[in-house]
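S.K.: First the structure, then my questions, so here it is.
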Amino acid sequence: MFTDATTQTNTTDLPGSSTPIHSHAFDIDNAINQAKNRLLSLQDQQGFWVFELEADCTIPSEYVMMMHYLGEIDEALQAKIAVYIRSRQSEDGSFPLFTGGPGDISCSVKAYYALKMAGDSVDAPHMTRLRKWILAQGGAAKANVFTRIALAMFKQLPWRGVPYIPVEIMLLPSWFPFHLDKVSYWSRTVMVPLFILCTLKATAKNPNQVDILELFTVHPDQERHYFPERTLLNKFFLGLDKLGRVTEPLIPAKIRARAIEKAKAWFIERLNGEDGLGGIFPAMVNAYEAMLLTGMPKDHPHVVICRKAIDKLLVINEHDAYCQPCLSPVWDTGLAALALQEVYKGENSSALTNSEDLAKAYEWLQSKQLMDEPGDWQVKKPGLPGGGWAFQFNNPHYPDVDDTAVVAFAMADSKRTGLDEAIHRATRWIAGMQSENGGYGAFDADNTYYYLNEIPFADHGALLDPPTADVSARCAMLMARLIKAHEEYLPALKRTIDYLRSEQEADGSWFGRWGTNYIYGTWSVLLGLEQTDLPKNDPMYVKAAAWLKSVQREDGGWGEDNFSYHDAGVRGRYRFSTAFQTAWAVLGLIAAGEAHSPEVKAGIDFILRHQNRDGFWNDKCFTAPGFPRVFYLKYHGYDKYFPLWALARYRNELNKK
């Protein structure tokens with residue numbers, strides 16, 4: 001019995017289903033071949049895959065604001081970005097963090113400002129609706145810290161409306177309650193140049209003198225409630241914030257100068273060429289503006305390469321344009337390789353080991369493996385040899401545990417020669433990055449200083465990188481794959497399995513930190529457990545499979561809304577099914593021993609029905625959180641390689657004797 005607790009949607013109206021070509025009886029081999037050939041056609045000559053990575057309208061709005069901050073406005077590009085932003089506006093006038101989501105005050109304020117900068121009249125219907133919505137939420141003063149900092153730089157609100165984050169933080173000792181080593185990698189790379197911008201009170205050129213005073217319910221100079229009091233600890237930190245402002249004039253000029261130089265040295269060491277500081281847009285922009293603010297000329301090599309990294313993120317189409325938050329080639333390549341390997345397992349005996357496309361992919365991935373380069377992760381693990389992969393083309397200071405587990409497992413799964421050293425370096429690094437509770441974070445071990453989420457700067461709640469079930473499951477998947485030949489990984493594997501058992505929800509699902517959401521988390525863990533020697537009647541398997549079946553929709557597919565990060569009561573539910581989430585559920589159920597179940601067959605039929613004529617699928621909705629409840633992403637590759645992977649795995653299971 002397929003259940004659906006949400007609104008029914010006609011399958012012919014689903015995103016990506018406008019040109020379905022498959023019936024239930026369509027030959028699954030043809031479907032696989034079409035998708036495989038289409039995927040192979042998108043492989044770069046160097047061997048990698050990289051698909052667009054889209055966020056909400058915050059990032060493209062910030063790109064427009066950056067141009068006005070610098071006083072360097074590309075009118076044609078700005079017009080295209082404005083087209084993109086307008087197309088994402090909701091009916092109520094607001095801008096959501098993900099397709100179909102509720103309006104977000106911070107995203108909406110930045111979108112309004114960017115559109116006004118682009119020349120949109122405040123009296124235009126879309127601007128009027130947006131302004132009314134923002135004012136109904138309490139106005140721009142209610143926006144988050146990052147938005148208020150941007151507004152302060154444009155003189156739209158006073159600097160007292162943003163947290164006190166002096167650059168002297170760079171001089172604090174490691175034992176101090178707040179230290180860079182105690183926050184996540186993304187927080188470090190964003191904050192360090194931001195310390196300079198806020199300390200020196202950076203001022204935008206704003207050549208057209210665009211203001212948004214109409215978005216405030218109280219004049220920003222008179223506003224007294226920029227910092228809502230949340231908890232007792234939060235009130236304490238707010239008190240320290242006020243004390244810091246009062247004592248700031250007492251800071252000696254030499255101390256300030258030394259702190260600024262230390263901050264610059266820190267992020268310049270990590271500029272990362274044309275791939276940018278941390279590989280993420282906000283950090284790159286902050287670094288670019290901080291270098292200019294401190295007197296570095298525009299033609300300085302560091303400044304030039306930093307701007308090149310920013311513009312590398314642009315996606316410019318014929319009529320619109322947007323800026324990606326990041327690039328994802330290692331992640332896309334590892335997952336595409338896993339999908340293709342599943343396809344080749346069902347072909348002739350030599351297809352898997354002789355495929356030239358996989359040879360090129362692994363040659364490229366091998367060239368990107370990080371060995372003993374300096375990395376922030378070494379603060380917690382100083383004696384551990386390197387061996388990880390970053391998420392981006394290059395990001396040596398920040399190898400990604402999740403990417404490393406996926407790539408190394410894909411290499412092991414490929415059964416290709418010449419990869420053993422890369423696999424074992426990666427696995428040794430993975431085992432060494434384990435946190436004390438047995439789980440794994442994405443970039444650091446034991447990044448669990450939860451009290452820091454109460455500081456005024458952390459109103460977004462995304463300051464830390466604690467262990468999560470999805471990342472931990474892939475680490476278990478890799479270690480278990482190698483355990484027969486490398487028993488030294490057994491203690492770490494056992495601790496990871498214990499961690500995963502402790503993280504399973506009462507209903508049998510697992511939370512998905514890096515993909516939406518409980519369907520993703522449950523798929524991740526089931527694939528990891530499948531590589532272990534746990535029997536399929538283990539309660540973890542049984543409960544997880546039962547939960548996946550319980551949230552299957554009547555059309556045979558699965559779907560889950562990002563709103564489940566805001567309300568766990570809607571976990572595993574959506575208004576419609578998606579191909580990528582259906583693929584996760586199918587792969588998870590097969591891993592749990594349910595390959596011949598009617599639920600899996602119905603899921604496969606859904607995927608077949610919604611394959612497009614070009615061989616791919618087309619899910620319009622966002623697929624993952626960057627940070628739950630704060631920032632969401634659409635991986636444009638997810639509806640391309642995951643359904644292919646599921647179809648191939650299903651075919652291979654049915655063909656087993």
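Here's how to read the names in the structure tokens: chain A, B, ... by the order shown, residue numbers from 1 in each chain, ligand numbers from 1 in the order shown.
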Would you mind listing what lies within 9 Å of region 171-188 of chain A as a ChimeraX atom specification, with only C-alpha atoms counted and same-chain residues fewer than 6 positions away left out?
M.R.: /A:255,258-259,262,278,280,283,376-377,379-380,398,443-444,447-449,452,462-466
S.K.: Given the selection you just returned, output its residues as a file containing C-alpha atoms, formatted as a short mmCIF file (atom, residue, chain, number, x, y, z; two decimals), in the first residue's frame.
M.R.:
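Below is the file again08.cif, written as the result:
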```
data_model
loop_
_atom_site.label_atom_id
_atom_site.label_comp_id
_atom_site.auth_asym_id
_atom_site.auth_seq_id
_atom_site.Cartn_x
_atom_site.Cartn_y
_atom_site.Cartn_z
CA ILE A 255 47.65 45.90 18.19
CA ARG A 258 49.11 43.58 13.86
CA ALA A 259 45.67 41.93 13.90
CA LYS A 262 47.53 38.56 10.65
CA GLY A 278 37.47 28.30 0.60
CA ILE A 280 32.88 29.57 -1.77
CA ALA A 283 34.49 34.20 1.36
CA ASP A 376 43.14 23.47 8.82
CA TRP A 377 42.05 19.92 9.72
CA VAL A 379 45.00 21.46 14.02
CA LYS A 380 42.96 18.59 15.50
CA TYR A 398 39.94 22.02 3.11
CA PHE A 443 35.82 18.96 7.22
CA ASP A 444 36.98 18.74 10.83
CA ASN A 447 33.83 20.60 15.70
CA THR A 448 31.15 20.58 18.41
CA TYR A 449 31.42 23.85 20.35
CA LEU A 452 29.10 29.35 19.92
CA ALA A 462 25.48 27.36 10.81
CA LEU A 463 28.73 28.12 12.59
CA LEU A 464 29.80 24.53 13.29
CA ASP A 465 30.59 21.27 11.48
CA PRO A 466 29.57 18.47 13.87
#
```
S.K.: Which residues are near region 547-554 of chain A? Cut-off 12 Å, only C-alpha atoms, ignore same chain within fewer than 5 positions. Put them as a VMD selection string.
M.R.: chain A and resid 1 to 11 504 to 510 518 to 523 526 539 to 542 559 to 560 570 to 578 581 to 590 592 594 597 to 603 606
S.K.: Near Lys634 (chain A), within 6 Å and counting only C-alpha atoms, which residues show up once chain neighbours fewer than 5 positions away are dropped, as a list of chain:residue names?
M.R.: A:Leu53, A:Glu54, A:Phe622, A:Thr623
S.K.: Can you list, as an NGL selection string, all residues belonging to region 192-394 of chain A that DSSP tags as strand (DSSP E)?
M.R.: :A and (314-316 or 321-323)
S.K.: Pick from A:Pro643, A:Gly528, A:Gly47, A:Pro102: nearest to His566 (chain A), with only C-alpha atoms counted?
M.R.: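 Using only C-alpha atoms, His566 (chain A) sits closest to A:Pro102.
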S.K.: Find the spatial neighbours of Ile149 (chain A), counting only C-alpha atoms, within a cut-off of 10 Å - ignore same-chain residues fewer than 6 positions away - and output them as a list in words.
M.R.: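 The neighbour list is Ala143, Lys155, Gln156, Leu157, Pro158, Trp159, Arg160, Gly161, Val162, Pro163, Leu194, Leu197, Cys198, Lys201 and Ala202 of chain A.
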S.K.: So that each row is one residue of region 26-135 of chain A with an atom at most 12 Å from region 286-302 of chain A, can you give its shortest atom pair and the distance in Å to one decimal, using only C-alpha atoms, rows by chain and rising number, as JSON lines?
M.R.:
```
{"residue": "A:Glu62", "atom": "CA", "partner": "A:Asn286", "partner_atom": "CA", "distance": 11.0}
{"residue": "A:Tyr63", "atom": "CA", "partner": "A:Asn286", "partner_atom": "CA", "distance": 11.6}
{"residue": "A:Met65", "atom": "CA", "partner": "A:Glu289", "partner_atom": "CA", "distance": 11.9}
{"residue": "A:Met66", "atom": "CA", "partner": "A:Glu289", "partner_atom": "CA", "distance": 8.7}
{"residue": "A:Met67", "atom": "CA", "partner": "A:Glu289", "partner_atom": "CA", "distance": 10.8}
{"residue": "A:His68", "atom": "CA", "partner": "A:Glu289", "partner_atom": "CA", "distance": 11.9}
{"residue": "A:Tyr69", "atom": "CA", "partner": "A:Glu289", "partner_atom": "CA", "distance": 8.8}
{"residue": "A:Leu70", "atom": "CA", "partner": "A:Glu289", "partner_atom": "CA", "distance": 8.2}
{"residue": "A:Gly71", "atom": "CA", "partner": "A:Glu289", "partner_atom": "CA", "distance": 11.9}
```
S.K.: I want to know what sits within 10 Å of Phe409 (chain A), based on only C-alpha atoms, with residues of the same chain fewer than 6 positions away left out; could you give that as a PyMOL selection string?
M.R.: chain A and resi 334+338+403+423+426-427+474-475+477-482
S.K.: Go ahead and compute the interatomic distance for CA of Pro467 (chain A) and CA of Gly439 (chain A), in Å to one decimal.
M.R.: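 Rounded to one decimal, the two atoms are 5.1 Å apart.
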S.K.: Just checking: using only C-alpha atoms, which residue out of A:Asp123, A:Glu342, A:Asp470, A:Glu52 ends up closest to Ser414 (chain A)?
M.R.: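 For Ser414 (chain A), the nearest of the given residues is A:Glu342.
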S.K.: Using DSSP assignments from the backbone, pull out every residue in region 304-506 of chain A that falls under helix (DSSP H, G or I) and give it to me as a ChimeraX atom specification.
M.R.: /A:304-311,329-345,351-354,356-368,376-379,401-414,420-432,450-454,456-458,469-482,487-503
S.K.: Between CA of Ser94 (chain A) and CA of Cys107 (chain A), what distance in Å does the model show, to one decimal?
M.R.: 8.5 Å
S.K.: Looking at A:Leu130, A:Ala568, A:Ala257, A:Ala646, which one is nearest to Arg629 (chain A), with distances taken over only C-alpha atoms?
M.R.: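 Under the stated criterion, the closest residue is A:Ala568.
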S.K.: What is the CA of Cys621 (chain A) to CA of Thr99 (chain A) distance in Å?
M.R.: 5.5 Å
S.K.: Taking only C-alpha atoms into account, name the residue in A:Leu250, A:Ala412, A:Leu277, A:Ile105 that is nearest to Lys264 (chain A).
M.R.: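 Counting only C-alpha atoms, the residue closest to Lys264 (chain A) is A:Leu277.
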